[in-house]
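Pasting start_3.cif here (mmCIF, N, CA, C and O atoms):
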```cif
data_upload
#
loop_
_atom_site.label_atom_id
_atom_site.label_comp_id
_atom_site.auth_asym_id
_atom_site.auth_seq_id
_atom_site.Cartn_x
_atom_site.Cartn_y
_atom_site.Cartn_z
N MET U 600 -85.60 -22.11 -111.35
CA MET U 600 -84.79 -21.47 -110.36
C MET U 600 -83.73 -22.48 -109.89
O MET U 600 -84.00 -23.64 -109.70
N SER U 601 -82.53 -22.00 -109.70
CA SER U 601 -81.47 -22.87 -109.21
C SER U 601 -80.82 -22.24 -107.98
O SER U 601 -80.88 -21.03 -107.78
N ILE U 602 -80.22 -23.09 -107.20
CA ILE U 602 -79.52 -22.64 -106.00
C ILE U 602 -78.05 -22.94 -106.18
O ILE U 602 -77.69 -24.05 -106.57
N ARG U 603 -77.24 -21.97 -105.92
CA ARG U 603 -75.79 -22.18 -105.99
C ARG U 603 -75.23 -22.25 -104.58
O ARG U 603 -75.59 -21.47 -103.72
N LEU U 604 -74.37 -23.21 -104.40
CA LEU U 604 -73.75 -23.39 -103.10
C LEU U 604 -72.26 -23.63 -103.32
O LEU U 604 -71.88 -24.53 -104.06
N ASP U 605 -71.45 -22.82 -102.71
CA ASP U 605 -70.01 -22.99 -102.78
C ASP U 605 -69.62 -24.01 -101.71
O ASP U 605 -69.41 -23.66 -100.55
N GLU U 606 -69.59 -25.28 -102.13
CA GLU U 606 -69.34 -26.36 -101.17
C GLU U 606 -68.03 -26.19 -100.43
O GLU U 606 -67.96 -26.40 -99.22
N ARG U 607 -66.98 -25.86 -101.15
CA ARG U 607 -65.66 -25.73 -100.53
C ARG U 607 -65.66 -24.64 -99.48
O ARG U 607 -65.18 -24.83 -98.37
N ARG U 608 -66.23 -23.50 -99.82
CA ARG U 608 -66.28 -22.39 -98.86
C ARG U 608 -67.15 -22.73 -97.65
O ARG U 608 -66.80 -22.40 -96.52
N TYR U 609 -68.27 -23.40 -97.88
CA TYR U 609 -69.14 -23.80 -96.77
C TYR U 609 -68.41 -24.76 -95.84
O TYR U 609 -68.43 -24.60 -94.62
N ALA U 610 -67.73 -25.76 -96.42
CA ALA U 610 -67.00 -26.73 -95.61
C ALA U 610 -65.88 -26.05 -94.83
O ALA U 610 -65.65 -26.37 -93.66
N GLU U 611 -65.19 -25.10 -95.45
CA GLU U 611 -64.12 -24.37 -94.76
C GLU U 611 -64.68 -23.55 -93.60
O GLU U 611 -64.09 -23.52 -92.51
N GLU U 612 -65.81 -22.90 -93.80
CA GLU U 612 -66.42 -22.09 -92.73
C GLU U 612 -66.86 -22.99 -91.58
O GLU U 612 -66.71 -22.66 -90.42
N LEU U 613 -67.41 -24.15 -91.91
CA LEU U 613 -67.83 -25.10 -90.88
C LEU U 613 -66.62 -25.60 -90.09
O LEU U 613 -66.67 -25.69 -88.86
N LYS U 614 -65.53 -25.88 -90.76
CA LYS U 614 -64.31 -26.33 -90.07
C LYS U 614 -63.74 -25.23 -89.19
O LYS U 614 -63.26 -25.51 -88.08
N ARG U 615 -63.82 -23.98 -89.64
CA ARG U 615 -63.37 -22.86 -88.80
C ARG U 615 -64.27 -22.74 -87.56
O ARG U 615 -63.80 -22.45 -86.47
N LEU U 616 -65.57 -22.96 -87.76
CA LEU U 616 -66.50 -22.90 -86.64
C LEU U 616 -66.16 -23.98 -85.60
O LEU U 616 -66.14 -23.71 -84.41
N VAL U 617 -65.86 -25.19 -86.06
CA VAL U 617 -65.47 -26.27 -85.15
C VAL U 617 -64.21 -25.89 -84.39
O VAL U 617 -64.14 -26.02 -83.16
N ALA U 618 -63.20 -25.40 -85.11
CA ALA U 618 -61.93 -25.04 -84.48
C ALA U 618 -62.13 -23.92 -83.46
O ALA U 618 -61.59 -23.98 -82.35
N ASP U 619 -62.91 -22.91 -83.81
CA ASP U 619 -63.14 -21.79 -82.90
C ASP U 619 -63.99 -22.21 -81.70
O ASP U 619 -63.77 -21.74 -80.59
N PHE U 620 -64.95 -23.11 -81.92
CA PHE U 620 -65.76 -23.61 -80.82
C PHE U 620 -64.88 -24.35 -79.82
O PHE U 620 -64.99 -24.17 -78.62
N ARG U 621 -63.97 -25.18 -80.34
CA ARG U 621 -63.06 -25.91 -79.47
C ARG U 621 -62.09 -24.97 -78.76
O ARG U 621 -61.76 -25.19 -77.60
N MET U 622 -61.65 -23.93 -79.46
CA MET U 622 -60.76 -22.96 -78.84
C MET U 622 -61.51 -22.22 -77.73
O MET U 622 -60.96 -21.96 -76.67
N TRP U 623 -62.79 -21.89 -77.97
CA TRP U 623 -63.60 -21.23 -76.95
C TRP U 623 -63.78 -22.15 -75.74
O TRP U 623 -63.70 -21.73 -74.59
N LYS U 624 -64.01 -23.43 -76.02
CA LYS U 624 -64.27 -24.41 -74.96
C LYS U 624 -63.04 -24.58 -74.06
O LYS U 624 -63.18 -24.68 -72.85
N ASN U 625 -61.86 -24.62 -74.63
CA ASN U 625 -60.62 -24.83 -73.88
C ASN U 625 -59.57 -23.82 -74.33
O ASN U 625 -58.61 -24.18 -75.00
N PRO U 626 -59.75 -22.55 -73.96
CA PRO U 626 -58.81 -21.53 -74.45
C PRO U 626 -57.42 -21.68 -73.83
O PRO U 626 -57.28 -21.95 -72.65
N LEU U 627 -56.42 -21.52 -74.68
CA LEU U 627 -55.03 -21.56 -74.22
C LEU U 627 -54.53 -20.15 -73.90
O LEU U 627 -53.55 -19.99 -73.18
N VAL U 628 -55.20 -19.17 -74.48
CA VAL U 628 -54.88 -17.75 -74.24
C VAL U 628 -56.20 -17.01 -74.06
O VAL U 628 -57.26 -17.51 -74.47
N PRO U 629 -56.18 -15.83 -73.47
CA PRO U 629 -57.43 -15.06 -73.37
C PRO U 629 -58.00 -14.78 -74.76
O PRO U 629 -57.27 -14.43 -75.68
N LEU U 630 -59.29 -14.96 -74.90
CA LEU U 630 -59.96 -14.73 -76.18
C LEU U 630 -60.31 -13.25 -76.30
O LEU U 630 -60.59 -12.58 -75.31
N PRO U 631 -60.33 -12.75 -77.52
CA PRO U 631 -60.65 -11.32 -77.70
C PRO U 631 -62.09 -11.00 -77.30
O PRO U 631 -62.97 -11.87 -77.33
N ASP U 632 -62.32 -9.76 -76.93
CA ASP U 632 -63.68 -9.31 -76.63
C ASP U 632 -64.57 -9.56 -77.84
O ASP U 632 -64.15 -9.37 -78.98
N GLY U 633 -65.78 -10.01 -77.59
CA GLY U 633 -66.73 -10.25 -78.66
C GLY U 633 -66.59 -11.61 -79.32
O GLY U 633 -67.35 -11.93 -80.23
N PHE U 634 -65.64 -12.42 -78.88
CA PHE U 634 -65.43 -13.74 -79.49
C PHE U 634 -66.68 -14.60 -79.37
O PHE U 634 -67.09 -15.25 -80.33
N GLU U 635 -67.29 -14.61 -78.20
CA GLU U 635 -68.49 -15.43 -77.99
C GLU U 635 -69.65 -14.96 -78.86
O GLU U 635 -70.37 -15.77 -79.44
N ASP U 636 -69.85 -13.64 -78.95
CA ASP U 636 -70.92 -13.11 -79.80
C ASP U 636 -70.69 -13.50 -81.25
O ASP U 636 -71.62 -13.88 -81.97
N ASP U 637 -69.44 -13.40 -81.70
CA ASP U 637 -69.10 -13.75 -83.07
C ASP U 637 -69.34 -15.24 -83.33
O ASP U 637 -69.85 -15.62 -84.38
N LEU U 638 -68.99 -16.06 -82.37
CA LEU U 638 -69.19 -17.51 -82.50
C LEU U 638 -70.68 -17.84 -82.63
O LEU U 638 -71.07 -18.63 -83.50
N ALA U 639 -71.50 -17.23 -81.80
CA ALA U 639 -72.95 -17.46 -81.89
C ALA U 639 -73.50 -16.96 -83.22
O ALA U 639 -74.28 -17.66 -83.89
N TRP U 640 -73.07 -15.78 -83.65
CA TRP U 640 -73.54 -15.22 -84.92
C TRP U 640 -73.14 -16.11 -86.08
O TRP U 640 -73.94 -16.37 -86.99
N ARG U 641 -71.90 -16.61 -86.06
CA ARG U 641 -71.43 -17.47 -87.15
C ARG U 641 -72.17 -18.79 -87.18
O ARG U 641 -72.38 -19.37 -88.25
N SER U 642 -72.60 -19.30 -86.03
CA SER U 642 -73.37 -20.55 -86.05
C SER U 642 -74.69 -20.35 -86.81
O SER U 642 -75.12 -21.23 -87.54
N TYR U 643 -75.31 -19.18 -86.65
CA TYR U 643 -76.54 -18.90 -87.40
C TYR U 643 -76.23 -18.67 -88.87
O TYR U 643 -77.03 -19.02 -89.74
N ARG U 644 -75.08 -18.10 -89.16
CA ARG U 644 -74.71 -17.89 -90.56
C ARG U 644 -74.50 -19.22 -91.27
O ARG U 644 -74.87 -19.38 -92.43
N VAL U 645 -73.93 -20.19 -90.57
CA VAL U 645 -73.65 -21.50 -91.17
C VAL U 645 -74.90 -22.38 -91.21
O VAL U 645 -75.18 -23.03 -92.21
N PHE U 646 -75.68 -22.40 -90.12
CA PHE U 646 -76.82 -23.32 -90.02
C PHE U 646 -78.18 -22.66 -90.19
O PHE U 646 -79.20 -23.34 -90.18
N GLY U 647 -78.23 -21.35 -90.29
CA GLY U 647 -79.51 -20.66 -90.40
C GLY U 647 -80.25 -20.68 -89.07
O GLY U 647 -79.69 -21.00 -88.03
N GLN U 648 -81.52 -20.36 -89.11
CA GLN U 648 -82.35 -20.32 -87.90
C GLN U 648 -82.84 -21.73 -87.60
O GLN U 648 -84.01 -22.06 -87.79
N THR U 649 -81.92 -22.57 -87.10
CA THR U 649 -82.23 -23.97 -86.83
C THR U 649 -81.90 -24.33 -85.38
O THR U 649 -81.22 -23.58 -84.69
N SER U 650 -82.36 -25.49 -84.98
CA SER U 650 -82.06 -25.97 -83.62
C SER U 650 -80.57 -26.10 -83.36
O SER U 650 -80.11 -25.73 -82.28
N PRO U 651 -79.78 -26.65 -84.30
CA PRO U 651 -78.34 -26.74 -84.03
C PRO U 651 -77.69 -25.37 -83.76
O PRO U 651 -76.87 -25.24 -82.85
N ALA U 652 -78.08 -24.37 -84.51
CA ALA U 652 -77.54 -23.03 -84.27
C ALA U 652 -77.98 -22.50 -82.91
O ALA U 652 -77.19 -21.88 -82.19
N ASP U 653 -79.24 -22.76 -82.55
CA ASP U 653 -79.73 -22.36 -81.23
C ASP U 653 -78.93 -23.04 -80.12
O ASP U 653 -78.58 -22.41 -79.12
N ILE U 654 -78.65 -24.33 -80.28
CA ILE U 654 -77.90 -25.07 -79.27
C ILE U 654 -76.49 -24.48 -79.12
O ILE U 654 -76.02 -24.28 -78.00
N ILE U 655 -75.84 -24.20 -80.23
CA ILE U 655 -74.50 -23.63 -80.18
C ILE U 655 -74.53 -22.26 -79.51
O ILE U 655 -73.71 -21.97 -78.63
N ALA U 656 -75.48 -21.42 -79.90
CA ALA U 656 -75.58 -20.08 -79.31
C ALA U 656 -75.86 -20.17 -77.80
O ALA U 656 -75.24 -19.45 -77.01
N LEU U 657 -76.75 -21.06 -77.40
CA LEU U 657 -77.04 -21.24 -75.96
C LEU U 657 -75.84 -21.80 -75.21
O LEU U 657 -75.56 -21.41 -74.08
N ALA U 658 -75.13 -22.72 -75.84
CA ALA U 658 -73.94 -23.29 -75.22
C ALA U 658 -72.91 -22.20 -74.93
O ALA U 658 -72.33 -22.14 -73.85
N VAL U 659 -72.73 -21.32 -75.90
CA VAL U 659 -71.77 -20.23 -75.75
C VAL U 659 -72.22 -19.26 -74.66
O VAL U 659 -71.41 -18.79 -73.86
N ARG U 660 -73.50 -18.98 -74.62
CA ARG U 660 -74.03 -18.03 -73.62
C ARG U 660 -74.02 -18.59 -72.19
O ARG U 660 -73.75 -17.88 -71.25
N THR U 661 -74.37 -19.88 -72.07
CA THR U 661 -74.58 -20.45 -70.73
C THR U 661 -73.43 -21.32 -70.24
O THR U 661 -73.35 -21.58 -69.04
N ARG U 662 -72.61 -21.82 -71.16
CA ARG U 662 -71.54 -22.78 -70.84
C ARG U 662 -72.10 -24.07 -70.22
O ARG U 662 -71.40 -24.78 -69.50
N ASP U 663 -73.36 -24.36 -70.48
CA ASP U 663 -73.98 -25.59 -70.01
C ASP U 663 -73.25 -26.77 -70.67
O ASP U 663 -73.14 -26.85 -71.89
N GLU U 664 -72.76 -27.71 -69.84
CA GLU U 664 -71.94 -28.81 -70.34
C GLU U 664 -72.66 -29.67 -71.36
O GLU U 664 -72.06 -30.11 -72.35
N ASP U 665 -73.94 -29.95 -71.13
CA ASP U 665 -74.70 -30.77 -72.07
C ASP U 665 -74.85 -30.06 -73.42
O ASP U 665 -74.71 -30.69 -74.47
N LEU U 666 -75.16 -28.77 -73.38
CA LEU U 666 -75.30 -28.01 -74.63
C LEU U 666 -73.96 -27.90 -75.36
O LEU U 666 -73.92 -28.00 -76.59
N VAL U 667 -72.89 -27.70 -74.61
CA VAL U 667 -71.56 -27.63 -75.23
C VAL U 667 -71.25 -28.95 -75.93
O VAL U 667 -70.79 -28.96 -77.08
N ALA U 668 -71.52 -30.07 -75.27
CA ALA U 668 -71.26 -31.38 -75.86
C ALA U 668 -72.14 -31.60 -77.10
O ALA U 668 -71.65 -32.10 -78.12
N GLN U 669 -73.41 -31.21 -77.03
CA GLN U 669 -74.31 -31.37 -78.18
C GLN U 669 -73.85 -30.50 -79.35
O GLN U 669 -73.84 -30.96 -80.50
N GLY U 670 -73.52 -29.26 -79.06
CA GLY U 670 -73.08 -28.34 -80.12
C GLY U 670 -71.81 -28.82 -80.79
O GLY U 670 -71.72 -28.88 -82.02
N GLU U 671 -70.83 -29.18 -79.98
CA GLU U 671 -69.56 -29.67 -80.54
C GLU U 671 -69.78 -30.96 -81.32
O GLU U 671 -69.23 -31.14 -82.41
N GLY U 672 -70.58 -31.86 -80.78
CA GLY U 672 -70.87 -33.11 -81.48
C GLY U 672 -71.54 -32.88 -82.82
O GLY U 672 -71.16 -33.51 -83.82
N PHE U 673 -72.51 -31.98 -82.85
CA PHE U 673 -73.22 -31.73 -84.10
C PHE U 673 -72.30 -31.15 -85.16
O PHE U 673 -72.28 -31.63 -86.30
N ILE U 674 -71.52 -30.13 -84.81
CA ILE U 674 -70.68 -29.52 -85.83
C ILE U 674 -69.54 -30.46 -86.24
O ILE U 674 -69.19 -30.51 -87.42
N SER U 675 -69.02 -31.25 -85.32
CA SER U 675 -67.98 -32.22 -85.67
C SER U 675 -68.53 -33.31 -86.59
O SER U 675 -67.89 -33.68 -87.58
N ASP U 676 -69.71 -33.82 -86.26
CA ASP U 676 -70.35 -34.83 -87.11
C ASP U 676 -70.67 -34.26 -88.49
O ASP U 676 -70.53 -34.96 -89.50
N SER U 677 -71.08 -33.00 -88.54
CA SER U 677 -71.38 -32.37 -89.83
C SER U 677 -70.13 -32.30 -90.70
O SER U 677 -70.19 -32.60 -91.90
N VAL U 678 -69.01 -31.92 -90.11
CA VAL U 678 -67.75 -31.87 -90.87
C VAL U 678 -67.40 -33.25 -91.40
O VAL U 678 -67.04 -33.40 -92.57
N SER U 679 -67.54 -34.27 -90.57
CA SER U 679 -67.22 -35.64 -91.00
C SER U 679 -68.11 -36.07 -92.16
O SER U 679 -67.63 -36.66 -93.14
N MET U 680 -69.41 -35.80 -92.05
CA MET U 680 -70.33 -36.18 -93.13
C MET U 680 -70.01 -35.44 -94.42
O MET U 680 -70.04 -36.04 -95.50
N ILE U 681 -69.70 -34.16 -94.32
CA ILE U 681 -69.38 -33.38 -95.51
C ILE U 681 -68.09 -33.88 -96.14
O ILE U 681 -67.99 -34.00 -97.36
N ASP U 682 -67.10 -34.21 -95.32
CA ASP U 682 -65.86 -34.76 -95.85
C ASP U 682 -66.11 -36.08 -96.56
O ASP U 682 -65.49 -36.37 -97.59
N ASP U 683 -67.02 -36.90 -96.02
CA ASP U 683 -67.31 -38.21 -96.61
C ASP U 683 -68.22 -38.14 -97.82
O ASP U 683 -68.03 -38.88 -98.79
N GLU U 684 -69.23 -37.26 -97.78
CA GLU U 684 -70.28 -37.32 -98.79
C GLU U 684 -70.48 -36.04 -99.59
O GLU U 684 -71.17 -36.07 -100.59
N ASP U 685 -70.02 -34.95 -99.19
CA ASP U 685 -70.17 -33.60 -99.74
C ASP U 685 -71.34 -32.88 -99.07
O ASP U 685 -72.10 -33.49 -98.31
N VAL U 686 -71.46 -31.61 -99.33
CA VAL U 686 -72.48 -30.79 -98.66
C VAL U 686 -73.88 -31.25 -99.01
O VAL U 686 -74.76 -31.31 -98.14
N PHE U 687 -74.12 -31.63 -100.25
CA PHE U 687 -75.47 -32.02 -100.64
C PHE U 687 -75.88 -33.34 -99.98
O PHE U 687 -77.03 -33.53 -99.61
N GLY U 688 -74.94 -34.27 -99.81
CA GLY U 688 -75.22 -35.50 -99.08
C GLY U 688 -75.58 -35.20 -97.63
O GLY U 688 -76.52 -35.79 -97.08
N TRP U 689 -74.84 -34.28 -97.03
CA TRP U 689 -75.12 -33.87 -95.64
C TRP U 689 -76.49 -33.22 -95.55
O TRP U 689 -77.28 -33.55 -94.66
N LEU U 690 -76.80 -32.30 -96.47
CA LEU U 690 -78.11 -31.64 -96.46
C LEU U 690 -79.24 -32.65 -96.62
O LEU U 690 -80.26 -32.58 -95.93
N PHE U 691 -79.05 -33.61 -97.53
CA PHE U 691 -80.07 -34.65 -97.72
C PHE U 691 -80.30 -35.41 -96.43
O PHE U 691 -81.44 -35.64 -96.02
N ARG U 692 -79.22 -35.80 -95.74
CA ARG U 692 -79.37 -36.52 -94.48
C ARG U 692 -80.09 -35.68 -93.44
O ARG U 692 -80.91 -36.19 -92.67
N MET U 693 -79.79 -34.39 -93.39
CA MET U 693 -80.43 -33.51 -92.42
C MET U 693 -81.93 -33.40 -92.71
O MET U 693 -82.75 -33.51 -91.81
N ILE U 694 -82.28 -33.19 -93.95
CA ILE U 694 -83.70 -33.06 -94.33
C ILE U 694 -84.42 -34.39 -94.13
O ILE U 694 -85.52 -34.44 -93.58
N TRP U 695 -83.81 -35.48 -94.59
CA TRP U 695 -84.43 -36.79 -94.45
C TRP U 695 -84.62 -37.15 -92.99
O TRP U 695 -85.65 -37.70 -92.59
N GLY U 696 -83.65 -36.84 -92.15
CA GLY U 696 -83.76 -37.12 -90.72
C GLY U 696 -84.94 -36.39 -90.10
O GLY U 696 -85.68 -36.94 -89.28
N LYS U 697 -85.14 -35.13 -90.47
CA LYS U 697 -86.29 -34.37 -89.95
C LYS U 697 -87.60 -34.94 -90.46
O LYS U 697 -88.58 -35.02 -89.73
N GLU U 698 -87.61 -35.37 -91.71
CA GLU U 698 -88.81 -35.98 -92.28
C GLU U 698 -89.19 -37.23 -91.50
O GLU U 698 -90.35 -37.45 -91.15
N LEU U 699 -88.20 -38.07 -91.19
CA LEU U 699 -88.48 -39.29 -90.43
C LEU U 699 -88.96 -38.98 -89.02
O LEU U 699 -89.88 -39.63 -88.52
N GLN U 700 -88.38 -37.96 -88.39
CA GLN U 700 -88.83 -37.56 -87.06
C GLN U 700 -90.29 -37.12 -87.08
O GLN U 700 -91.08 -37.47 -86.21
N LEU U 701 -90.67 -36.35 -88.10
CA LEU U 701 -92.06 -35.89 -88.20
C LEU U 701 -93.00 -37.05 -88.42
O LEU U 701 -94.07 -37.11 -87.82
N ARG U 702 -92.61 -38.00 -89.26
CA ARG U 702 -93.47 -39.18 -89.49
C ARG U 702 -93.65 -39.99 -88.22
O ARG U 702 -94.74 -40.44 -87.90
N GLU U 703 -92.56 -40.21 -87.49
CA GLU U 703 -92.64 -40.97 -86.24
C GLU U 703 -93.53 -40.27 -85.23
O GLU U 703 -94.32 -40.90 -84.53
N ARG U 704 -93.41 -38.96 -85.16
CA ARG U 704 -94.22 -38.18 -84.22
C ARG U 704 -95.71 -38.29 -84.59
O ARG U 704 -96.56 -38.44 -83.71
N GLN U 705 -96.02 -38.24 -85.88
CA GLN U 705 -97.42 -38.33 -86.30
C GLN U 705 -97.97 -39.73 -86.04
O GLN U 705 -99.13 -39.87 -85.67
N GLN U 706 -97.16 -40.75 -86.22
CA GLN U 706 -97.62 -42.14 -86.01
C GLN U 706 -97.87 -42.41 -84.54
O GLN U 706 -98.71 -43.23 -84.19
N SER U 707 -97.12 -41.74 -83.66
CA SER U 707 -97.29 -42.00 -82.23
C SER U 707 -98.49 -41.29 -81.64
O SER U 707 -98.85 -41.52 -80.50
N ARG U 708 -99.14 -40.45 -82.38
CA ARG U 708 -100.32 -39.72 -81.88
C ARG U 708 -101.57 -40.52 -82.01
O ARG U 708 -101.92 -41.31 -82.64
#
```
As a first step, turn the structure in this file into structure tokens.
Amino acid sequence: MSIRLDERRYAEELKRLVADFRMWKNPLVPLPDGFEDDLAWRSYRVFGQTSPADIIALAVRTRDEDLVAQGEGFISDSVSMIDDEDVFGWLFRMIWGKELQLRERQQSR
């Protein structure tokens, strides 16, 4: 079994998400109805059912400053990593980071 990933399209969608998140954060004009719902939905489309998508969706719903900063930071850092290493390098870092967190958590018990 193989998995196909359109790296260019994924990176473009992520960059659009960053731009729209920033536009939502500091709008220069009134945003269309449903913009926030679309932004939250797109975060799940890009990141799946993960903590980063939850943070972005909660940030959009609550406008909590800490969540907004975390969401923007995560998607901005993701774009930078993908630009530097490609999507598979970014995915590897994400998976490896979670693996290390789980190991540290188990060792501290």
In chain U, what's alpha helix (DSSP H) per DSSP? Answer as a ChimeraX atom specification? /U:606-624,634-646,650-661,664-684,686-706
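Here the PyMOL selection byres (((chain U and resi 641 and name CA) around 12) and name CA) captures the residues Tyr609, Glu612, Leu613, Lys614, Arg615, Leu616, Val617, Asp619, Phe620, Phe634, Glu635, Asp636, Asp637, Leu638, Ala639, Trp640, Ser642, Tyr643, Arg644, Val645, Phe646, Gly647, Gln648, Pro651, Ala652, Asp653, Ile655, Ala656 and Val659 of chain U.
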Within 8 Å of segment 678-687 of chain U, counting all atoms listed in the file, which residues show up once you throw out same-chain ones fewer than 5 positions away? Write them as a ChimeraX atom specification, please. /U:605-607,609-610,613-614,671-673,692-694
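You will find atom CA of Ile674 of chain U at 12.9 Å from atom CA of Thr649 of chain U.
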Separation of atom N of Gly633 of chain U from atom CA of Ser650 of chain U in Å: 23.6 Å
What box, with edges along x, y and z, holds each listed atom of segment 642-649 of chain U when 3 Å is added on every side, and can you state its centre and edge lengths in Å to one decimal, as lines of an AutoDock Vina configuration file?
```
center_x = -78.3
center_y = -21.1
center_z = -88.6
size_x = 17.4
size_y = 12.4
size_z = 13.7
```
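Distance-wise, atom CA of Ser675 of chain U and atom C of Ala618 of chain U end up 10.4 Å apart.
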